[in-house]
$ cat model-v9.cif   # mmCIF, C-alpha atoms
data_input
#
loop_
_atom_site.label_atom_id
_atom_site.label_comp_id
_atom_site.auth_asym_id
_atom_site.auth_seq_id
_atom_site.Cartn_x
_atom_site.Cartn_y
_atom_site.Cartn_z
CA ALA A 13 65.74 30.21 116.95
CA ALA A 14 67.73 32.31 114.48
CA ALA A 15 70.36 29.58 114.21
CA ALA A 16 67.69 26.95 113.57
CA ALA A 17 66.09 29.10 110.88
CA ALA A 18 69.45 29.65 109.22
CA ALA A 19 70.18 25.92 109.26
CA ALA A 20 66.77 25.16 107.75
CA THR A 21 67.31 27.74 105.03
CA THR A 22 70.71 26.26 104.21
CA ALA A 23 69.31 22.73 104.05
CA THR A 24 66.46 23.86 101.80
CA SER A 25 68.78 25.71 99.43
CA THR A 26 71.28 22.85 99.10
CA PRO A 27 71.16 21.77 95.46
CA ALA A 28 70.04 18.22 94.82
CA THR A 29 72.62 15.78 93.53
CA PRO A 30 71.90 14.89 89.88
CA LEU A 31 71.14 11.22 89.23
CA ARG A 32 71.71 10.65 85.51
CA LEU A 33 70.16 7.44 84.23
CA LEU A 34 69.86 6.05 80.72
CA ILE A 35 66.70 4.00 80.07
CA VAL A 36 67.17 1.53 77.24
CA GLU A 37 63.79 1.01 75.59
CA ALA A 38 64.41 -2.52 74.31
CA TYR A 39 61.21 -3.00 72.30
CA ASP A 40 61.51 -2.44 68.56
CA ARG A 41 59.15 -0.03 66.85
CA ALA A 42 56.64 -2.75 65.94
CA GLY A 43 56.63 -4.05 69.50
CA ARG A 44 55.98 -0.58 70.90
CA GLU A 45 53.11 -0.08 68.49
CA ARG A 46 51.54 -3.37 69.60
CA LEU A 47 51.78 -2.28 73.23
CA THR A 48 50.09 1.02 72.45
CA SER A 49 47.30 -0.67 70.48
CA ALA A 50 46.58 -2.92 73.48
CA GLY A 51 46.42 0.00 75.90
CA CYS A 52 49.71 -0.94 77.58
CA THR A 53 52.11 1.66 78.94
CA ALA A 54 55.41 1.93 77.08
CA ALA A 55 58.07 -0.05 78.95
CA SER A 56 60.35 2.96 79.28
CA ASP A 57 57.50 5.07 80.68
CA THR A 58 56.75 2.37 83.27
CA PHE A 59 60.35 2.49 84.47
CA ALA A 60 60.44 6.29 84.39
CA ALA A 61 57.41 6.44 86.68
CA LEU A 62 58.92 3.89 89.07
CA LEU A 63 62.27 5.68 89.18
CA SER A 64 60.52 8.98 89.89
CA ARG A 65 58.73 7.42 92.87
CA ILE A 66 61.82 5.85 94.43
CA CYS A 67 64.41 8.54 93.66
CA PRO A 68 65.94 9.82 96.94
CA GLU A 69 64.71 13.28 97.94
CA ASP A 70 68.23 14.70 97.90
CA HIS A 71 68.72 13.67 94.25
CA GLU A 72 67.39 15.16 91.04
CA LEU A 73 66.45 12.48 88.52
CA ARG A 74 67.67 13.21 84.99
CA LEU A 75 66.54 10.59 82.48
CA SER A 76 67.77 9.96 78.95
CA TYR A 77 66.38 7.37 76.56
CA CYS A 78 67.60 5.28 73.64
CA HIS A 79 65.97 2.76 71.30
CA PRO A 80 68.82 0.56 70.03
CA ALA A 81 66.48 -1.88 68.27
CA ASP A 82 65.42 0.89 65.88
CA SER A 83 68.68 1.98 64.32
CA VAL A 84 72.46 1.87 64.63
CA HIS A 85 72.30 5.67 64.89
CA GLU A 86 70.61 5.32 68.28
CA LEU A 87 73.84 3.90 69.72
CA ALA A 88 75.90 6.78 68.34
CA GLU A 89 73.49 9.31 69.85
CA VAL A 90 73.96 7.83 73.34
CA GLY A 91 77.44 9.37 73.41
CA GLU A 92 79.86 8.79 76.26
CA LEU A 93 78.38 6.21 78.60
CA SER A 94 80.56 7.39 81.48
CA ARG A 95 78.32 10.46 81.86
CA PHE A 96 75.56 8.23 83.25
CA ASP A 97 75.29 7.02 86.83
CA GLY A 98 73.44 3.92 85.69
CA VAL A 99 71.63 2.20 82.83
CA VAL A 100 68.16 0.63 83.12
CA TRP A 101 66.98 -2.01 80.64
CA THR A 102 63.28 -2.59 79.93
CA GLY A 103 61.60 -5.78 78.81
CA SER A 104 61.13 -6.56 75.11
CA SER A 105 59.13 -8.74 72.73
CA LEU A 106 62.30 -9.61 70.80
CA THR A 107 63.99 -13.02 71.06
CA ILE A 108 67.45 -12.99 72.61
CA HIS A 109 68.90 -15.96 70.74
CA GLU A 110 68.03 -14.61 67.26
CA ASP A 111 71.03 -13.31 65.31
CA LYS A 112 69.47 -10.09 64.02
CA PRO A 113 70.60 -6.44 64.27
CA GLU A 114 67.77 -5.45 66.59
CA VAL A 115 69.17 -7.92 69.13
CA THR A 116 72.93 -7.77 68.51
CA ARG A 117 73.00 -3.96 68.80
CA GLN A 118 71.59 -4.27 72.30
CA ILE A 119 74.10 -6.92 73.34
CA GLU A 120 76.88 -4.68 72.07
CA LEU A 121 75.49 -1.74 74.07
CA ALA A 122 75.50 -3.86 77.24
CA ARG A 123 79.13 -4.80 76.59
CA ARG A 124 80.02 -1.13 76.14
CA CYS A 125 78.37 -0.37 79.49
CA PHE A 126 80.44 -3.11 81.14
CA GLN A 127 83.62 -1.65 79.63
CA ALA A 128 82.67 1.83 80.84
CA ALA A 129 81.98 0.40 84.33
CA VAL A 130 78.50 1.96 84.34
CA PRO A 131 76.14 -0.01 86.65
CA GLN A 132 73.26 -1.70 84.83
CA TYR A 133 69.89 -3.06 85.95
CA GLY A 134 67.28 -4.86 83.90
CA SER A 135 64.15 -6.98 84.16
CA CYS A 136 63.12 -9.90 81.93
CA TRP A 137 64.84 -9.05 78.61
CA GLY A 138 67.40 -7.16 80.67
CA LEU A 139 68.45 -10.38 82.43
CA GLN A 140 68.80 -12.15 79.10
CA ILE A 141 70.83 -9.23 77.69
CA SER A 142 73.22 -9.43 80.65
CA ALA A 143 73.61 -13.17 80.07
CA ALA A 144 74.17 -12.83 76.32
CA ALA A 145 76.76 -10.09 76.85
CA ALA A 146 78.60 -12.44 79.21
CA GLY A 147 78.45 -15.44 76.89
CA ILE A 148 75.87 -17.23 79.06
CA PRO A 149 73.44 -19.24 76.88
CA CYS A 150 69.74 -18.45 76.67
CA GLU A 151 67.01 -20.60 75.13
CA PRO A 152 63.23 -20.98 74.85
CA ASN A 153 61.88 -22.38 78.09
CA PRO A 154 60.80 -25.97 77.33
CA ARG A 155 57.93 -25.49 79.79
CA GLY A 156 56.55 -22.69 77.63
CA ARG A 157 55.57 -19.16 78.60
CA GLU A 158 55.70 -17.98 82.21
CA HIS A 159 53.02 -15.33 82.10
CA GLY A 160 50.97 -13.57 84.73
CA ILE A 161 52.36 -14.38 88.16
CA ALA A 162 55.65 -16.23 88.67
CA ARG A 163 55.09 -18.28 91.82
CA GLY A 164 57.55 -19.30 94.50
CA ILE A 165 60.58 -17.26 93.46
CA ALA A 166 63.22 -18.19 96.04
CA LEU A 167 66.48 -16.43 96.79
CA THR A 168 69.61 -18.54 96.53
CA ARG A 169 72.35 -18.34 99.13
CA SER A 170 74.04 -15.67 96.99
CA GLY A 171 70.73 -13.83 96.60
CA ARG A 172 70.10 -13.72 100.35
CA ARG A 173 73.28 -11.72 100.85
CA HIS A 174 73.10 -9.63 97.68
CA PRO A 175 72.24 -5.92 98.13
CA MET A 176 69.62 -5.99 95.35
CA PHE A 177 67.45 -8.17 97.60
CA ASP A 178 68.16 -6.39 100.87
CA GLY A 179 64.95 -6.45 102.92
CA CYS A 180 63.22 -8.81 100.49
CA LEU A 181 61.34 -11.94 101.48
CA GLN A 182 63.29 -15.12 100.85
CA THR A 183 60.38 -16.54 98.81
CA PHE A 184 57.88 -14.39 96.91
CA ASP A 185 55.76 -14.09 93.75
CA GLY A 186 56.27 -11.61 90.91
CA CYS A 187 54.68 -10.43 87.67
CA ALA A 188 56.12 -12.30 84.68
CA ALA A 189 55.85 -12.30 80.88
CA HIS A 190 58.54 -14.31 79.12
CA THR A 191 59.15 -17.37 76.96
CA ASP A 192 62.97 -17.38 76.85
CA HIS A 193 65.26 -17.85 79.82
CA VAL A 194 68.87 -18.57 80.76
CA ALA A 195 69.57 -22.16 79.75
CA ALA A 196 68.78 -24.65 82.49
CA SER A 197 71.98 -26.57 81.68
CA TRP A 198 74.06 -23.49 82.53
CA ALA A 199 72.03 -22.80 85.69
CA ALA A 200 72.78 -26.33 86.89
CA ALA A 201 76.54 -25.77 86.44
CA PRO A 202 77.16 -22.01 86.16
CA VAL A 203 80.65 -21.82 84.65
CA CYS A 204 81.69 -18.59 82.92
CA ARG A 205 84.40 -17.72 80.44
CA PRO A 206 87.60 -16.06 81.76
CA GLY A 207 87.03 -12.48 82.92
CA VAL A 208 83.33 -13.04 83.66
CA GLU A 209 81.75 -13.62 87.07
CA ALA A 210 78.08 -14.49 87.45
CA GLU A 211 75.89 -15.49 90.36
CA VAL A 212 72.37 -16.92 90.24
CA LEU A 213 70.43 -14.90 92.83
CA ALA A 214 66.93 -16.37 92.58
CA SER A 215 65.00 -19.18 90.91
CA ASN A 216 61.69 -21.01 90.91
CA ASP A 217 60.41 -24.34 89.64
CA PHE A 218 59.51 -22.86 86.24
CA THR A 219 62.56 -20.72 85.51
CA PRO A 220 65.94 -21.71 86.98
CA VAL A 221 67.41 -18.19 86.81
CA GLN A 222 65.02 -15.54 88.18
CA GLY A 223 67.82 -13.27 89.42
CA LEU A 224 71.35 -12.80 88.09
CA ALA A 225 74.40 -10.67 88.90
CA VAL A 226 77.14 -10.39 86.24
CA ARG A 227 80.53 -8.70 86.57
CA ILE A 228 82.80 -7.97 83.57
CA ASP A 229 85.66 -5.49 83.18
CA GLY A 230 84.84 -3.72 86.43
CA GLY A 231 81.20 -3.26 85.42
CA GLU A 232 78.18 -4.86 87.09
CA PHE A 233 74.73 -5.80 85.80
CA TRP A 234 72.00 -6.80 88.29
CA SER A 235 68.84 -8.25 86.83
CA VAL A 236 65.66 -10.24 87.42
CA GLN A 237 63.63 -12.38 85.03
CA TYR A 238 60.30 -11.20 86.46
CA HIS A 239 58.84 -7.66 86.26
CA PRO A 240 58.89 -5.74 89.57
CA GLU A 241 58.13 -2.53 87.66
CA LEU A 242 54.70 -3.79 86.51
CA ASP A 243 51.44 -3.73 88.45
CA LEU A 244 48.58 -6.19 88.03
CA GLY A 245 46.77 -3.95 85.54
CA GLU A 246 49.77 -3.79 83.23
CA ILE A 247 50.45 -7.52 83.38
CA ALA A 248 46.76 -8.20 82.63
CA ARG A 249 46.96 -6.03 79.49
CA LEU A 250 50.13 -7.86 78.41
CA MET A 251 48.36 -11.20 78.89
CA ARG A 252 45.44 -10.08 76.73
CA LEU A 253 47.88 -8.91 74.05
CA ALA A 254 49.73 -12.24 74.10
CA ALA A 255 46.45 -14.18 73.91
CA ALA A 256 45.24 -12.13 70.93
CA ARG A 257 48.53 -12.70 69.05
CA SER A 258 48.35 -16.44 69.69
CA LEU A 259 44.85 -16.58 68.20
CA LEU A 260 46.08 -14.81 65.06
CA VAL A 261 48.98 -17.23 64.42
#
$ encode --input "model-v9.cif" --output "structure tokens"
Amino acid sequence: AAAAAAAATTATSTPATPLRLLIVEAYDRAGRERLTSAGCTAASDTFAALLSRICPEDHELRLSYCHPADSVHELAEVGELSRFDGVVWTGSSLTIHEDKPEVTRQIELARRCFQAAVPQYGSCWGLQISAAAAGIPCEPNPRGREHGIARGIALTRSGRRHPMFDGCLQTFDGCAAHTDHVAASWAAAPVCRPGVEAEVLASNDFTPVQGLAVRIDGGEFWSVQYHPELDLGEIARLMRLAAARSLLV
């Protein structure tokens, strides 16, 4: 009994392993203000809550945040990327194929993460950032906005054996809110520039790349075009916000 008590005490007193993650809040200031006005949760807060729920019990979650769309100084304040165990990218209301500082700063940050070999994950905008950093073309979806529930997302052969989808159904639905996507022409013949490897992991009839894995310079970026971090309440608020903006245009 004494030995068991001693073992239990030792296990309880064992310090948790720190898990240091950087959350990249990809919305610009105006986008964040629109979310707040519509009663939506900030994208970075949504991910923080999810990460807190799924963090292993023997790890201590330590989160840092940056807002690269706001200022070039945000990138400098991130510091050495190698101090992070991973980087998480949120969605965004920006447009990936626009040549503007709010976008290009984020692509540059993703490239720095690749060079530092820090693992990256992202949803929606995060997938498009991984593609842009790899030189994979993105474009407005000619079918328009995929918003609400993305139906019939199916894993590809690569997706069925990829660890990101371990234990996942081979066909499923997911929350979605996007207009841009990886170009269908590239998805049909996914050729990358030298030094870049990319695999399409999932797709559906509306969006040809619903899951993507990119490898550059020893770094990896896993991403999905849909929003597994959102619940139905959040996606409903995003839909109301999008509808209100369309009426004002």
$ residues_around --input "model-v9.cif" --residues "A:Pro30" --least-positions-apart "6" --cutoff "9 Å" --atoms "all atoms listed in the file" --output "list of chain:residue names"
A:Asp70, A:His71, A:Glu72, A:Leu73, A:Arg74
$ atom_distance --input "model-v9.cif" --atom1 "atom CA of A:Leu75" --atom2 "atom CA of A:Thr53"
17.3 Å
$ closest_residue --input "model-v9.cif" --among "A:Ala143, A:Cys136, A:Ile165, A:Ala248" --to "A:Leu181" --atoms "all atoms listed in the file"
A:Ile165
$ resolve_selection --input "model-v9.cif" --expression "the PyMOL selection byres ((chain A and resi 34-47) around 10)" --output "ChimeraX atom specification"
/A:32-33,48-57,59-60,74-83,90,93,95-106,114-115,118,121-122,132-134,137-138,141,249-250,253,257
$ closest_residue --input "model-v9.cif" --among "A:Ala28, A:Ile161, A:Cys180, A:Ala144" --to "A:Asp111" --atoms "all atoms listed in the file"
A:Ala144
$ residues_around --input "model-v9.cif" --residues "A:Gly230" --least-positions-apart "3" --cutoff "7 Å" --atoms "all atoms listed in the file" --output "VMD selection string"
chain A and resid 126 129 227
$ closest_residue --input "model-v9.cif" --among "A:Ser235, A:Ser170, A:Asn153, A:Thr26" --to "A:Thr191" --atoms "only C-alpha atoms"
A:Asn153
$ resolve_selection --input "model-v9.cif" --expression "the PyMOL selection byres ((chain A and resi 220-225) around 8)" --output "PyMOL selection string"
chain A and resi 139+165+171+193-194+196+199+210-219+226-227+232-238
$ atom_distance --input "model-v9.cif" --atom1 "atom CA of A:Gly207" --atom2 "atom CA of A:Cys125"
15.3 Å
$ build_atoms --input "model-v9.cif" --residues "stretch 60-78 of chain A" --atoms "N, CA and C atoms" --output "tab-separated table (two decimals), keeping the file's coordinate frame"
chain	number	residue	atom	x	y	z
A	60	ALA	N	60.28	4.88	84.02
A	60	ALA	CA	60.44	6.29	84.39
A	60	ALA	C	59.56	6.65	85.58
A	61	ALA	N	58.32	6.16	85.57
A	61	ALA	CA	57.41	6.44	86.68
A	61	ALA	C	57.91	5.80	87.97
A	62	LEU	N	58.39	4.57	87.88
A	62	LEU	CA	58.92	3.89	89.07
A	62	LEU	C	60.14	4.62	89.62
A	63	LEU	N	61.05	4.99	88.74
A	63	LEU	CA	62.27	5.68	89.18
A	63	LEU	C	61.94	7.03	89.83
A	64	SER	N	60.93	7.70	89.30
A	64	SER	CA	60.52	8.98	89.89
A	64	SER	C	59.99	8.78	91.31
A	65	ARG	N	59.28	7.67	91.54
A	65	ARG	CA	58.73	7.42	92.87
A	65	ARG	C	59.80	7.06	93.89
A	66	ILE	N	60.84	6.35	93.46
A	66	ILE	CA	61.82	5.85	94.43
A	66	ILE	C	63.11	6.68	94.48
A	67	CYS	N	63.20	7.70	93.65
A	67	CYS	CA	64.41	8.54	93.66
A	67	CYS	C	64.56	9.22	95.02
A	68	PRO	N	65.73	9.15	95.64
A	68	PRO	CA	65.94	9.82	96.94
A	68	PRO	C	65.63	11.31	96.85
A	69	GLU	N	65.12	11.87	97.94
A	69	GLU	CA	64.71	13.28	97.94
A	69	GLU	C	65.87	14.23	97.70
A	70	ASP	N	67.09	13.81	98.08
A	70	ASP	CA	68.23	14.70	97.90
A	70	ASP	C	68.89	14.53	96.54
A	71	HIS	N	68.20	13.84	95.60
A	71	HIS	CA	68.72	13.67	94.25
A	71	HIS	C	67.71	14.21	93.24
A	72	GLU	N	68.22	14.71	92.15
A	72	GLU	CA	67.39	15.16	91.04
A	72	GLU	C	67.53	14.17	89.89
A	73	LEU	N	66.43	13.51	89.54
A	73	LEU	CA	66.45	12.48	88.52
A	73	LEU	C	66.51	13.12	87.13
A	74	ARG	N	67.51	12.73	86.36
A	74	ARG	CA	67.67	13.21	84.99
A	74	ARG	C	67.72	11.99	84.06
A	75	LEU	N	66.67	11.79	83.30
A	75	LEU	CA	66.54	10.59	82.48
A	75	LEU	C	66.84	10.88	81.01
A	76	SER	N	67.56	9.96	80.39
A	76	SER	CA	67.77	9.96	78.95
A	76	SER	C	67.26	8.62	78.43
A	77	TYR	N	66.96	8.57	77.14
A	77	TYR	CA	66.38	7.37	76.56
A	77	TYR	C	67.09	7.00	75.26
A	78	CYS	N	67.14	5.71	74.96
A	78	CYS	CA	67.60	5.28	73.64
A	78	CYS	C	66.81	4.06	73.21
